[in-house]
$ cat structure-v4.txt   # compact mmCIF, C-alpha atoms
# COMPACT_ATOMS: atom_id res chain seq x y z
CA MET A 6 -5.03 -29.68 -72.95
CA GLU A 7 -7.21 -31.58 -70.50
CA ALA A 8 -6.38 -35.10 -69.43
CA SER A 9 -8.60 -37.70 -71.02
CA ASP A 10 -10.85 -39.92 -68.92
CA ASP A 11 -9.94 -42.78 -71.26
CA THR A 12 -7.13 -44.58 -69.43
CA GLU A 13 -6.17 -46.36 -72.68
CA GLU A 14 -5.16 -43.02 -74.23
CA PRO A 15 -1.44 -42.37 -73.57
CA PRO A 16 -0.85 -39.01 -71.90
CA LEU A 17 1.49 -36.48 -73.45
CA PRO A 18 4.97 -37.58 -72.36
CA LEU A 19 5.93 -34.06 -71.31
CA ALA A 20 3.44 -31.63 -69.78
CA LEU A 21 5.25 -28.29 -70.11
CA SER A 22 3.67 -26.75 -67.00
CA SER A 23 5.10 -29.48 -64.75
CA PHE A 24 8.60 -28.31 -65.79
CA HIS A 25 7.86 -24.58 -65.28
CA VAL A 26 7.79 -24.12 -69.05
CA SER A 27 5.21 -21.68 -70.39
CA GLU A 28 3.05 -22.32 -73.48
CA GLU A 29 3.46 -18.64 -74.35
CA PHE A 30 6.95 -17.79 -73.09
CA GLY A 31 8.85 -21.09 -73.11
CA PHE A 32 11.72 -21.01 -70.61
CA LEU A 33 11.27 -17.28 -69.95
CA LEU A 34 9.71 -16.47 -66.58
CA PRO A 35 6.16 -15.32 -67.48
CA ASP A 36 5.57 -11.71 -66.44
CA PRO A 37 8.33 -11.44 -63.83
CA LEU A 38 7.79 -9.31 -60.74
CA THR A 39 9.54 -5.93 -60.81
CA GLU A 40 9.26 -5.08 -57.08
CA LEU A 41 10.22 -6.98 -53.95
CA PRO A 42 8.24 -6.68 -50.70
CA ALA A 43 8.94 -3.55 -48.64
CA PRO A 44 11.52 -5.12 -46.26
CA TYR A 45 13.83 -5.57 -49.25
CA GLY A 46 13.86 -1.88 -50.19
CA PRO A 47 17.63 -1.60 -49.46
CA TRP A 48 18.37 -4.23 -52.13
CA MET A 49 16.07 -2.62 -54.68
CA ASP A 50 17.47 0.86 -54.02
CA ILE A 51 21.00 -0.31 -54.81
CA ALA A 52 19.88 -2.42 -57.79
CA ARG A 53 18.14 0.55 -59.43
CA GLU A 54 21.30 2.65 -59.21
CA LEU A 55 23.82 -0.01 -60.21
CA PRO A 56 25.27 1.59 -63.39
CA GLN A 57 25.91 4.91 -61.62
CA LEU A 58 27.23 3.28 -58.44
CA ILE A 59 29.66 1.13 -60.41
CA THR A 60 30.97 3.83 -62.75
CA SER A 61 31.43 6.22 -59.80
CA HIS A 62 33.21 3.42 -57.85
CA GLN A 63 30.70 3.71 -54.97
CA LEU A 64 28.95 0.34 -55.11
CA ARG A 65 31.25 -1.49 -52.71
CA SER A 66 30.86 1.17 -50.02
CA ARG A 67 27.06 1.12 -50.49
CA VAL A 68 27.03 -2.67 -50.10
CA HIS A 69 29.10 -2.40 -46.90
CA GLN A 70 26.41 -0.08 -45.46
CA MET A 71 23.56 -2.38 -46.52
CA PRO A 72 21.66 -4.10 -43.67
CA GLN A 73 21.77 -7.90 -43.54
CA LEU A 74 18.23 -8.90 -44.40
CA SER A 75 16.49 -12.17 -43.63
CA THR A 76 15.09 -14.01 -46.64
CA GLN A 77 12.10 -15.33 -44.66
CA HIS A 78 9.71 -12.69 -46.05
CA LEU A 79 10.19 -13.87 -49.65
CA ARG A 80 7.15 -15.81 -50.81
CA GLY A 81 6.83 -17.90 -53.94
CA ARG A 82 8.95 -18.54 -57.00
CA GLU A 83 8.49 -15.09 -58.56
CA GLU A 84 9.73 -13.21 -55.49
CA LEU A 85 12.68 -15.59 -55.16
CA HIS A 86 13.59 -15.13 -58.84
CA LEU A 87 13.52 -11.34 -58.51
CA ALA A 88 15.60 -11.49 -55.32
CA HIS A 89 18.12 -13.76 -57.10
CA LEU A 90 18.23 -11.39 -60.07
CA VAL A 91 18.82 -8.35 -57.83
CA LEU A 92 21.47 -10.02 -55.67
CA SER A 93 23.20 -11.48 -58.74
CA PHE A 94 23.54 -8.08 -60.39
CA ILE A 95 24.74 -6.46 -57.14
CA THR A 96 27.30 -9.26 -56.71
CA MET A 97 28.70 -8.91 -60.25
CA GLY A 98 28.98 -5.17 -59.80
CA TYR A 99 30.64 -5.61 -56.41
CA VAL A 100 33.23 -8.09 -57.70
CA TRP A 101 34.07 -6.31 -60.97
CA GLN A 102 33.65 -2.63 -59.97
CA GLU A 103 37.38 -1.96 -60.37
CA GLY A 104 37.93 -4.20 -63.41
CA GLN A 105 40.06 -7.33 -63.61
CA GLU A 106 42.95 -5.79 -61.66
CA GLY A 107 40.84 -4.77 -58.66
CA THR A 108 38.80 -7.86 -57.86
CA VAL A 109 37.88 -8.89 -54.32
CA GLN A 110 38.41 -12.23 -52.62
CA VAL A 111 35.45 -12.03 -50.22
CA LEU A 112 31.77 -11.30 -50.79
CA PRO A 113 30.59 -9.61 -47.57
CA ARG A 114 28.23 -11.50 -45.26
CA ASN A 115 25.30 -9.07 -45.65
CA LEU A 116 25.23 -9.89 -49.38
CA ALA A 117 26.62 -13.45 -49.40
CA VAL A 118 24.28 -15.03 -46.83
CA PRO A 119 20.92 -13.95 -48.28
CA TYR A 120 22.24 -14.60 -51.80
CA TRP A 121 23.19 -18.15 -50.81
CA GLU A 122 19.81 -18.76 -49.14
CA VAL A 123 17.84 -17.55 -52.18
CA SER A 124 20.08 -19.60 -54.46
CA GLN A 125 19.49 -22.73 -52.38
CA ALA A 126 15.73 -22.16 -52.44
CA LEU A 127 15.73 -21.92 -56.25
CA GLY A 128 18.35 -24.59 -56.90
CA LEU A 129 20.50 -22.04 -58.73
CA PRO A 130 24.18 -21.18 -58.13
CA PRO A 131 25.04 -17.91 -56.36
CA ILE A 132 26.22 -16.09 -59.50
CA LEU A 133 24.57 -14.25 -62.37
CA SER A 134 23.47 -16.84 -64.94
CA HIS A 135 21.32 -16.89 -68.09
CA ALA A 136 18.33 -17.71 -65.87
CA ASP A 137 18.68 -14.30 -64.17
CA PHE A 138 20.25 -12.13 -66.85
CA VAL A 139 17.67 -12.96 -69.55
CA LEU A 140 14.89 -15.31 -68.43
CA ALA A 141 13.82 -13.33 -65.34
CA ASN A 142 14.98 -9.84 -66.35
CA TRP A 143 12.23 -8.42 -68.55
CA ARG A 144 9.11 -6.33 -68.21
CA ARG A 145 6.54 -4.73 -70.44
CA LYS A 146 7.46 -1.08 -70.87
CA ASP A 147 4.04 -0.01 -72.16
CA PRO A 148 0.69 -1.53 -73.21
CA SER A 149 1.82 -1.83 -76.86
CA GLY A 150 4.18 -4.61 -75.84
CA ASN A 151 7.56 -2.85 -75.92
CA LEU A 152 9.99 -4.59 -73.60
CA ASP A 153 12.58 -3.35 -71.15
CA THR A 154 14.94 -4.86 -68.60
CA ILE A 155 14.24 -4.82 -64.85
CA ILE A 156 17.83 -4.49 -63.57
CA THR A 157 20.80 -3.22 -65.55
CA LEU A 158 24.57 -2.70 -65.38
CA PRO A 159 26.99 -0.36 -67.16
CA GLY A 160 26.63 -0.54 -70.94
CA GLY A 161 23.55 1.62 -71.53
CA GLU A 162 21.52 0.84 -74.64
CA SER A 163 23.98 -1.86 -75.78
CA LEU A 164 23.45 -3.82 -72.56
CA ARG A 165 19.69 -3.41 -72.85
CA GLY A 166 19.88 -4.53 -76.49
CA PHE A 167 22.03 -7.55 -75.64
CA ILE A 168 19.57 -8.76 -73.01
CA LEU A 169 16.43 -8.12 -75.08
CA VAL A 170 17.75 -9.61 -78.34
CA THR A 171 18.74 -12.74 -76.39
CA LEU A 172 15.23 -12.73 -74.90
CA LEU A 173 13.75 -12.54 -78.44
CA VAL A 174 15.83 -15.58 -79.42
CA GLU A 175 14.34 -17.45 -76.43
CA LYS A 176 10.84 -16.31 -77.42
CA ALA A 177 11.36 -17.42 -81.04
CA ALA A 178 12.17 -20.90 -79.73
CA VAL A 179 8.74 -21.38 -78.10
CA PRO A 180 7.01 -23.13 -81.06
CA GLY A 181 10.01 -25.48 -81.18
CA ILE A 182 9.70 -26.29 -77.47
CA LYS A 183 6.03 -27.15 -77.97
CA ALA A 184 6.96 -29.19 -81.05
CA ILE A 185 9.22 -31.35 -78.84
CA THR A 186 6.24 -32.53 -76.79
CA ARG A 187 4.20 -33.18 -79.94
CA ALA A 188 7.07 -35.09 -81.53
CA LEU A 189 7.56 -37.33 -78.50
CA GLY A 190 3.82 -37.95 -78.29
CA ALA A 191 3.73 -38.83 -81.98
CA ILE A 192 6.62 -41.27 -81.54
CA LEU A 193 4.74 -43.10 -78.76
CA GLN A 194 1.59 -43.25 -80.88
CA ARG A 195 3.51 -44.15 -84.06
CA ASP A 196 1.85 -41.20 -85.82
CA GLU A 197 4.28 -40.28 -88.60
CA GLU A 198 2.10 -37.48 -89.97
CA THR A 199 2.01 -35.64 -86.64
CA LEU A 200 5.73 -36.29 -86.19
CA HIS A 201 6.47 -34.78 -89.61
CA ARG A 202 4.46 -31.65 -88.74
CA ALA A 203 6.23 -31.34 -85.38
CA LEU A 204 9.65 -31.55 -87.05
CA GLU A 205 8.68 -28.87 -89.57
CA GLU A 206 7.54 -26.64 -86.68
CA LEU A 207 10.83 -27.27 -84.87
CA ALA A 208 12.89 -26.38 -87.95
CA GLY A 209 10.84 -23.20 -88.44
CA ALA A 210 11.43 -22.19 -84.82
CA ILE A 211 15.21 -22.69 -85.08
CA GLU A 212 15.26 -20.61 -88.29
CA ALA A 213 13.27 -17.89 -86.47
CA MET A 214 15.86 -17.96 -83.67
CA SER A 215 18.59 -17.17 -86.22
CA GLU A 216 16.52 -14.26 -87.54
CA ALA A 217 16.10 -12.91 -84.00
CA LEU A 218 19.83 -13.24 -83.34
CA ARG A 219 20.59 -11.06 -86.40
CA ARG A 220 19.08 -8.11 -84.53
CA MET A 221 22.15 -8.08 -82.28
CA HIS A 222 23.90 -5.97 -84.94
CA ASP A 223 21.19 -3.30 -84.69
CA TYR A 224 21.21 -2.88 -80.93
CA VAL A 225 24.63 -3.80 -79.53
CA ASP A 226 27.85 -1.87 -80.13
CA PRO A 227 30.78 -4.36 -80.26
CA GLU A 228 33.17 -1.99 -78.50
CA VAL A 229 30.73 -1.36 -75.64
CA PHE A 230 29.99 -5.06 -75.32
CA TYR A 231 33.63 -6.06 -75.20
CA SER A 232 35.06 -3.17 -73.20
CA VAL A 233 32.24 -2.47 -70.74
CA ILE A 234 29.61 -5.21 -70.55
CA ARG A 235 31.52 -8.47 -70.85
CA ILE A 236 33.46 -8.33 -67.61
CA PHE A 237 30.23 -8.18 -65.58
CA LEU A 238 29.16 -11.52 -67.07
CA SER A 239 32.45 -13.17 -66.05
CA GLY A 240 32.61 -15.72 -63.27
CA TRP A 241 35.24 -16.98 -60.86
CA LYS A 242 35.89 -20.41 -62.34
CA ASP A 243 38.46 -20.93 -65.10
CA ASN A 244 39.13 -17.18 -65.00
CA PRO A 245 42.75 -16.05 -64.54
CA ALA A 246 41.54 -12.76 -63.06
CA MET A 247 40.02 -14.68 -60.12
CA ALA A 248 42.08 -17.84 -60.04
CA HIS A 249 41.24 -18.66 -56.41
CA GLY A 250 37.46 -18.21 -56.61
CA LEU A 251 35.39 -16.15 -54.16
CA VAL A 252 34.73 -16.57 -50.43
CA TYR A 253 31.03 -16.18 -49.58
CA GLU A 254 31.43 -14.80 -46.06
CA GLY A 255 29.14 -16.43 -43.52
CA VAL A 256 28.51 -19.36 -45.89
CA SER A 257 31.88 -21.10 -46.09
CA PRO A 258 35.46 -20.12 -45.20
CA GLN A 259 36.64 -21.87 -48.38
CA PRO A 260 36.47 -19.98 -51.69
CA MET A 261 33.95 -21.26 -54.22
CA ALA A 262 34.22 -21.16 -58.01
CA PHE A 263 31.28 -20.62 -60.37
CA SER A 264 31.17 -20.02 -64.11
CA GLY A 265 29.89 -16.75 -65.50
CA GLY A 266 26.82 -16.31 -67.69
CA SER A 267 26.91 -18.18 -70.98
CA ALA A 268 24.62 -18.97 -73.91
CA ALA A 269 25.47 -22.60 -73.07
CA GLN A 270 23.17 -22.17 -70.03
CA SER A 271 20.12 -21.72 -72.28
CA THR A 272 17.90 -24.78 -71.92
CA VAL A 273 16.57 -24.38 -75.47
CA LEU A 274 19.62 -25.70 -77.31
CA HIS A 275 20.15 -28.54 -74.83
CA ALA A 276 16.54 -29.64 -75.39
CA PHE A 277 16.92 -29.52 -79.19
CA ASP A 278 20.22 -31.43 -79.05
CA GLU A 279 18.69 -34.19 -76.95
CA LEU A 280 15.64 -34.54 -79.20
CA LEU A 281 17.75 -34.68 -82.37
CA GLY A 282 20.32 -37.04 -80.84
CA ILE A 283 23.27 -34.65 -81.38
CA CYS A 284 26.42 -36.17 -79.84
CA HIS A 285 29.07 -33.65 -78.84
CA ARG A 286 32.73 -34.50 -78.33
CA GLN A 287 33.76 -35.53 -74.84
CA ASP A 288 35.31 -32.30 -73.51
CA THR A 289 32.61 -30.15 -75.11
CA ALA A 290 29.85 -32.42 -73.79
CA ALA A 291 31.36 -32.26 -70.29
CA PHE A 292 31.25 -28.44 -70.33
CA LEU A 293 27.67 -28.40 -71.65
CA HIS A 294 26.56 -30.84 -68.95
CA ARG A 295 28.18 -28.64 -66.30
CA MET A 296 26.24 -25.66 -67.68
CA ARG A 297 23.00 -27.52 -66.92
CA GLU A 298 23.75 -26.91 -63.24
CA TYR A 299 23.10 -23.22 -63.96
CA MET A 300 19.54 -23.85 -65.19
CA PRO A 301 16.47 -23.82 -62.94
CA PRO A 302 16.06 -27.45 -61.79
CA PRO A 303 12.68 -27.97 -63.54
CA HIS A 304 14.25 -26.92 -66.87
CA ARG A 305 17.16 -29.27 -66.25
CA ALA A 306 14.63 -32.05 -65.57
CA PHE A 307 12.87 -31.26 -68.88
CA VAL A 308 16.12 -31.82 -70.80
CA GLU A 309 16.72 -35.04 -68.89
CA GLU A 310 13.24 -36.33 -69.77
CA ILE A 311 13.93 -35.73 -73.47
CA ARG A 312 17.26 -37.54 -73.14
CA ARG A 313 15.50 -40.58 -71.67
CA ALA A 314 12.79 -40.67 -74.34
CA VAL A 315 12.70 -43.03 -77.31
CA SER A 316 15.32 -42.05 -79.92
CA LEU A 317 13.80 -39.85 -82.60
CA LYS A 318 16.78 -40.39 -84.88
CA GLN A 319 16.54 -44.18 -84.65
CA LEU A 320 12.82 -44.02 -85.43
CA VAL A 321 13.40 -41.82 -88.50
CA LEU A 322 16.15 -44.16 -89.71
CA ALA A 323 13.99 -47.23 -89.18
CA SER A 324 10.94 -45.72 -90.88
CA GLY A 325 12.66 -45.33 -94.24
CA ASP A 326 10.28 -42.39 -94.83
CA ALA A 327 11.99 -39.81 -97.07
CA ARG A 328 9.70 -36.99 -95.88
CA LEU A 329 10.52 -37.69 -92.23
CA ARG A 330 14.23 -37.87 -93.02
CA ALA A 331 14.09 -34.55 -94.89
CA ALA A 332 12.22 -32.86 -92.03
CA PHE A 333 14.69 -34.26 -89.49
CA ASN A 334 17.63 -33.06 -91.58
CA ARG A 335 16.05 -29.62 -91.94
CA CYS A 336 16.03 -29.36 -88.12
CA VAL A 337 19.67 -30.42 -87.84
CA SER A 338 20.71 -28.11 -90.69
CA ALA A 339 18.86 -25.17 -89.09
CA LEU A 340 20.54 -25.87 -85.74
CA ALA A 341 24.00 -26.03 -87.37
CA ALA A 342 23.26 -22.77 -89.23
CA PHE A 343 22.21 -21.11 -85.97
CA ARG A 344 25.49 -22.20 -84.37
CA SER A 345 27.49 -20.96 -87.37
CA TYR A 346 25.78 -17.60 -87.07
CA HIS A 347 26.55 -17.53 -83.35
CA ILE A 348 30.23 -18.01 -84.23
CA ALA A 349 30.00 -15.02 -86.59
CA ILE A 350 28.49 -12.91 -83.79
CA VAL A 351 31.20 -13.99 -81.34
CA THR A 352 33.88 -13.19 -83.93
CA LYS A 353 32.54 -9.65 -84.29
CA TYR A 354 31.84 -8.98 -80.61
CA ILE A 355 34.87 -10.73 -79.09
CA ALA A 356 37.69 -11.60 -81.52
CA THR A 357 37.57 -8.43 -83.65
CA ALA A 358 36.75 -6.27 -80.61
CA ALA A 359 39.66 -7.86 -78.69
CA ALA A 360 42.09 -6.97 -81.47
CA LYS A 361 40.92 -3.36 -81.39
CA ALA A 362 41.16 -3.33 -77.59
CA ARG A 363 44.75 -4.60 -77.70
CA ALA A 364 45.63 -1.79 -80.06
CA ARG A 365 43.99 0.73 -77.71
CA ARG A 366 45.82 -0.68 -74.68
CA ALA A 367 49.09 0.03 -76.44
CA GLU A 368 48.18 3.70 -76.67
CA PRO A 369 49.49 6.05 -73.95
CA GLY A 370 47.05 7.17 -71.28
CA ALA A 371 44.76 4.12 -71.37
CA GLY A 372 42.26 4.34 -68.46
CA ALA A 373 41.69 1.84 -65.65
CA GLY A 374 38.55 -0.01 -64.61
CA PRO A 375 35.41 -0.78 -66.59
CA SER A 376 34.07 2.76 -66.14
CA ALA A 377 36.92 3.93 -68.33
CA GLY A 378 36.18 1.16 -70.80
CA GLN A 379 39.30 -0.93 -70.23
CA PRO A 380 38.42 -4.43 -71.39
CA PRO A 381 39.28 -7.63 -69.49
CA SER A 382 42.33 -9.05 -71.26
CA ALA A 383 42.18 -12.16 -69.04
CA LEU A 384 39.24 -13.45 -71.07
CA GLU A 385 40.33 -12.54 -74.59
CA ALA A 386 40.26 -16.16 -75.80
CA LYS A 387 37.57 -17.43 -73.42
CA GLY A 388 33.85 -17.17 -73.07
CA THR A 389 32.33 -15.69 -69.92
CA GLY A 390 31.43 -19.25 -68.92
CA GLY A 391 35.14 -20.12 -68.98
CA SER A 392 35.30 -22.19 -72.18
CA HIS A 393 37.94 -21.69 -74.90
CA ILE A 394 35.38 -19.98 -76.98
CA PHE A 395 36.16 -20.62 -80.65
CA SER A 396 37.29 -24.23 -80.37
CA PHE A 397 34.23 -24.85 -78.18
CA LEU A 398 31.71 -23.22 -80.55
CA LYS A 399 33.20 -24.80 -83.66
CA SER A 400 33.19 -28.23 -82.01
CA ILE A 401 29.49 -27.83 -81.16
CA ARG A 402 28.65 -26.65 -84.67
CA ASP A 403 30.65 -29.47 -86.33
CA SER A 404 29.14 -32.22 -84.18
CA THR A 405 25.68 -30.78 -84.96
CA ARG A 406 26.37 -31.11 -88.68
CA GLU A 407 27.44 -34.70 -88.11
CA GLY A 408 23.92 -35.39 -86.81
CA MET A 409 22.46 -35.31 -90.32
CA ILE A 410 21.00 -38.54 -91.67
CA SER A 411 22.57 -39.34 -95.02
CA ALA A 412 20.31 -40.44 -97.85
$ encode --input "structure-v4.txt" --output "structure tokens"
Amino acid sequence: MEASDDTEEPPLPLALSSFHVSEEFGFLLPDPLTELPAPYGPWMDIARELPQLITSHQLRSRVHQMPQLSTQHLRGREELHLAHLVLSFITMGYVWQEGQEGTVQVLPRNLAVPYWEVSQALGLPPILSHADFVLANWRRKDPSGNLDTIITLPGGESLRGFILVTLLVEKAAVPGIKAITRALGAILQRDEETLHRALEELAGAIEAMSEALRRMHDYVDPEVFYSVIRIFLSGWKDNPAMAHGLVYEGVSPQPMAFSGGSAAQSTVLHAFDELLGICHRQDTAAFLHRMREYMPPPHRAFVEEIRRAVSLKQLVLASGDARLRAAFNRCVSALAAFRSYHIAIVTKYIATAAAKARARRAEPGAGAGPSAGQPPSALEAKGTGGSHIFSFLKSIRDSTREGMISA
């Protein structure tokens, strides 16, 4: 949309491109790079072999042999995002190679220093987050549009499915992200018809996100997710397996603590919550706000702009328009239903899988380390981000339901 020459015409309150949000891909990085410049071949070589290096317990020794590379040859956001993705995956493999009993306390300088520099350049923390794992970790496999991941970890097809289904949920949200800008523009222009259409589009997008999430059952084995994949998404904050955090050698002598990857780091749901005026309980809200630190700064700024905008809920209440109220409530209801379905997924992939894993641990001859499929008992009741998972998710779902406008 081109800017109007008429200075009387109010501009759209949020131009997506200024927040690194794509009209086609939303918060996903559009067409991420899959190769770094030649000087970074040593990183790419290790990244391509990660599953084999981890399961054969050779990754740490390969990292120790890796040259310390300068980050000065990285140019532009796309190269930085790929470098962050690669170094994040190598770091998670390095830390968790031997499972929860064999963690390390120090990330070696040749990995820690460039990882810190790339993280600083992007405004991201030096740990694998949703921004790496999903948003920047996809490529077109063939001209027909089939997708694949760029970097992977142990977990085979289930890991690939977990990443790509989550990516499809992000993609399904795109019409809803665009509807936010239309809704805010309509509020400023007092255009109730456009606002009604925008709310209907938002509700449709949230319902499509739930449909995309249902595909998790088709592509991800709960046992593989719980026993193999989950530990590699775990961080070193609020995690009993790494209670003292991690020293980034050459960066700081003091250990640092960062949360692991979490769906709470997805900008989509934060943006929808702010638009719909959903108020979460204090402890839950505090965790969600901390998760915003794991988003790319422009995405974080997008959420903040929505928070500062005129209250949609107050406008709908004041209008007395039954159609607007119904459309608003459809959005809130769809968001609560999405969160209920997420709880069902977590129950299957964590709670039920944890019970089965406990039974297996009681059997004689249980193996050690993630390559043998021994799950991380330290996180049985917690999410990889460090939250107490069921109380957290139910609190979010319940406070979403409370956002409905009663007749």
$ atom_distance --input "structure-v4.txt" --atom1 "atom CA of Tyr224 of chain A" --atom2 "atom CA of Val351 of chain A"
14.9 Å
$ closest_residue --input "structure-v4.txt" --among "A:Leu21, A:Ala362, A:Met214, A:Leu398" --to "Ala290 of chain A" --atoms "all atoms listed in the file"
A:Leu398
$ residues_near_point --input "structure-v4.txt" --point "(13.6, -6.4, -49.6)" --cutoff "9 Å" --atoms "only C-alpha atoms" --output "PyMOL selection string"
chain A and resi 40-49+74-76+78-79+88
$ atom_distance --input "structure-v4.txt" --atom1 "atom CA of Glu106 of chain A" --atom2 "atom CA of Tyr231 of chain A"
16.4 Å
$ residues_near_point --input "structure-v4.txt" --point "(45.5, -19.5, -52.8)" --cutoff "12 Å" --atoms "all atoms listed in the file" --output "count of residues only"
10
$ residues_around --input "structure-v4.txt" --residues "Tyr253 of chain A" --least-positions-apart "4" --cutoff "9 Å" --atoms "only C-alpha atoms" --output "list of chain:residue names"
A:Gln110, A:Val111, A:Leu112, A:Pro113, A:Arg114, A:Leu116, A:Ala117, A:Val118, A:Trp121, A:Ser257, A:Pro258, A:Gln259, A:Pro260, A:Met261
$ closest_residue --input "structure-v4.txt" --among "A:Leu340, A:Leu38, A:Leu218, A:Ile283" --to "Leu169 of chain A" --atoms "all atoms listed in the file"
A:Leu218
$ closest_residue --input "structure-v4.txt" --among "A:Asp147, A:Glu84, A:Asp403, A:Glu212" --to "Arg286 of chain A" --atoms "all atoms listed in the file"
A:Asp403
$ closest_residue --input "structure-v4.txt" --among "A:Thr157, A:Gln125, A:Thr60, A:Ser149" --to "Ile95 of chain A" --atoms "all atoms listed in the file"
A:Thr157
$ closest_residue --input "structure-v4.txt" --among "A:Thr186, A:Ser232, A:Ser316, A:Ser66" --to "Ile355 of chain A" --atoms "only C-alpha atoms"
A:Ser232
$ closest_residue --input "structure-v4.txt" --among "A:Pro303, A:Ala208, A:Gly166, A:Ala364" --to "Ala331 of chain A" --atoms "all atoms listed in the file"
A:Ala208
$ atom_distance --input "structure-v4.txt" --atom1 "atom CA of Leu58 of chain A" --atom2 "atom CA of Phe230 of chain A"
19.0 Å
$ axis_aligned_box --input "structure-v4.txt" --around "segment 156-159 of chain A" --padding-each-side "6 Å" --output "JSON"
{"center_x": 22.4, "center_y": -2.4, "center_z": -65.4, "size_x": 21.2, "size_y": 16.1, "size_z": 15.6}
$ decode --input "structure-v4.txt" --residues "segment 157-171 of chain A" --atoms "N, CA and C atoms" --output "PDB file, in the first residue's frame"
ATOM      1  N   THR A 157      18.960 -29.619  11.837  1.00  0.00           N
ATOM      2  CA  THR A 157      18.163 -30.546  12.625  1.00  0.00           C
ATOM      3  C   THR A 157      18.971 -31.089  13.802  1.00  0.00           C
ATOM      4  N   LEU A 158      18.302 -31.851  14.637  1.00  0.00           N
ATOM      5  CA  LEU A 158      18.875 -32.470  15.834  1.00  0.00           C
ATOM      6  C   LEU A 158      18.375 -33.910  15.888  1.00  0.00           C
ATOM      7  N   PRO A 159      18.772 -34.710  16.873  1.00  0.00           N
ATOM      8  CA  PRO A 159      18.200 -36.053  16.967  1.00  0.00           C
ATOM      9  C   PRO A 159      16.677 -35.984  17.075  1.00  0.00           C
ATOM     10  N   GLY A 160      16.018 -36.993  16.532  1.00  0.00           N
ATOM     11  CA  GLY A 160      14.552 -37.013  16.540  1.00  0.00           C
ATOM     12  C   GLY A 160      13.957 -37.322  15.192  1.00  0.00           C
ATOM     13  N   GLY A 161      14.808 -37.329  14.146  1.00  0.00           N
ATOM     14  CA  GLY A 161      14.378 -37.781  12.822  1.00  0.00           C
ATOM     15  C   GLY A 161      13.131 -37.086  12.311  1.00  0.00           C
ATOM     16  N   GLU A 162      12.201 -37.884  11.772  1.00  0.00           N
ATOM     17  CA  GLU A 162      10.991 -37.338  11.164  1.00  0.00           C
ATOM     18  C   GLU A 162      10.095 -36.648  12.189  1.00  0.00           C
ATOM     19  N   SER A 163      10.129 -37.096  13.447  1.00  0.00           N
ATOM     20  CA  SER A 163       9.302 -36.437  14.472  1.00  0.00           C
ATOM     21  C   SER A 163       9.796 -35.021  14.739  1.00  0.00           C
ATOM     22  N   LEU A 164      11.109 -34.824  14.760  1.00  0.00           N
ATOM     23  CA  LEU A 164      11.643 -33.475  14.960  1.00  0.00           C
ATOM     24  C   LEU A 164      11.276 -32.590  13.774  1.00  0.00           C
ATOM     25  N   ARG A 165      11.457 -33.129  12.584  1.00  0.00           N
ATOM     26  CA  ARG A 165      11.112 -32.380  11.374  1.00  0.00           C
ATOM     27  C   ARG A 165       9.622 -32.011  11.396  1.00  0.00           C
ATOM     28  N   GLY A 166       8.783 -32.972  11.780  1.00  0.00           N
ATOM     29  CA  GLY A 166       7.346 -32.724  11.849  1.00  0.00           C
ATOM     30  C   GLY A 166       7.002 -31.679  12.886  1.00  0.00           C
ATOM     31  N   PHE A 167       7.667 -31.721  14.036  1.00  0.00           N
ATOM     32  CA  PHE A 167       7.397 -30.763  15.112  1.00  0.00           C
ATOM     33  C   PHE A 167       7.704 -29.340  14.652  1.00  0.00           C
ATOM     34  N   ILE A 168       8.839 -29.173  13.993  1.00  0.00           N
ATOM     35  CA  ILE A 168       9.220 -27.842  13.502  1.00  0.00           C
ATOM     36  C   ILE A 168       8.251 -27.364  12.421  1.00  0.00           C
ATOM     37  N   LEU A 169       7.956 -28.237  11.448  1.00  0.00           N
ATOM     38  CA  LEU A 169       7.165 -27.800  10.295  1.00  0.00           C
ATOM     39  C   LEU A 169       5.693 -27.612  10.637  1.00  0.00           C
ATOM     40  N   VAL A 170       5.139 -28.408  11.550  1.00  0.00           N
ATOM     41  CA  VAL A 170       3.751 -28.167  11.970  1.00  0.00           C
ATOM     42  C   VAL A 170       3.670 -26.838  12.712  1.00  0.00           C
ATOM     43  N   THR A 171       4.658 -26.561  13.564  1.00  0.00           N
ATOM     44  CA  THR A 171       4.676 -25.267  14.265  1.00  0.00           C
ATOM     45  C   THR A 171       4.793 -24.129  13.268  1.00  0.00           C
TER      46      THR A 171
END
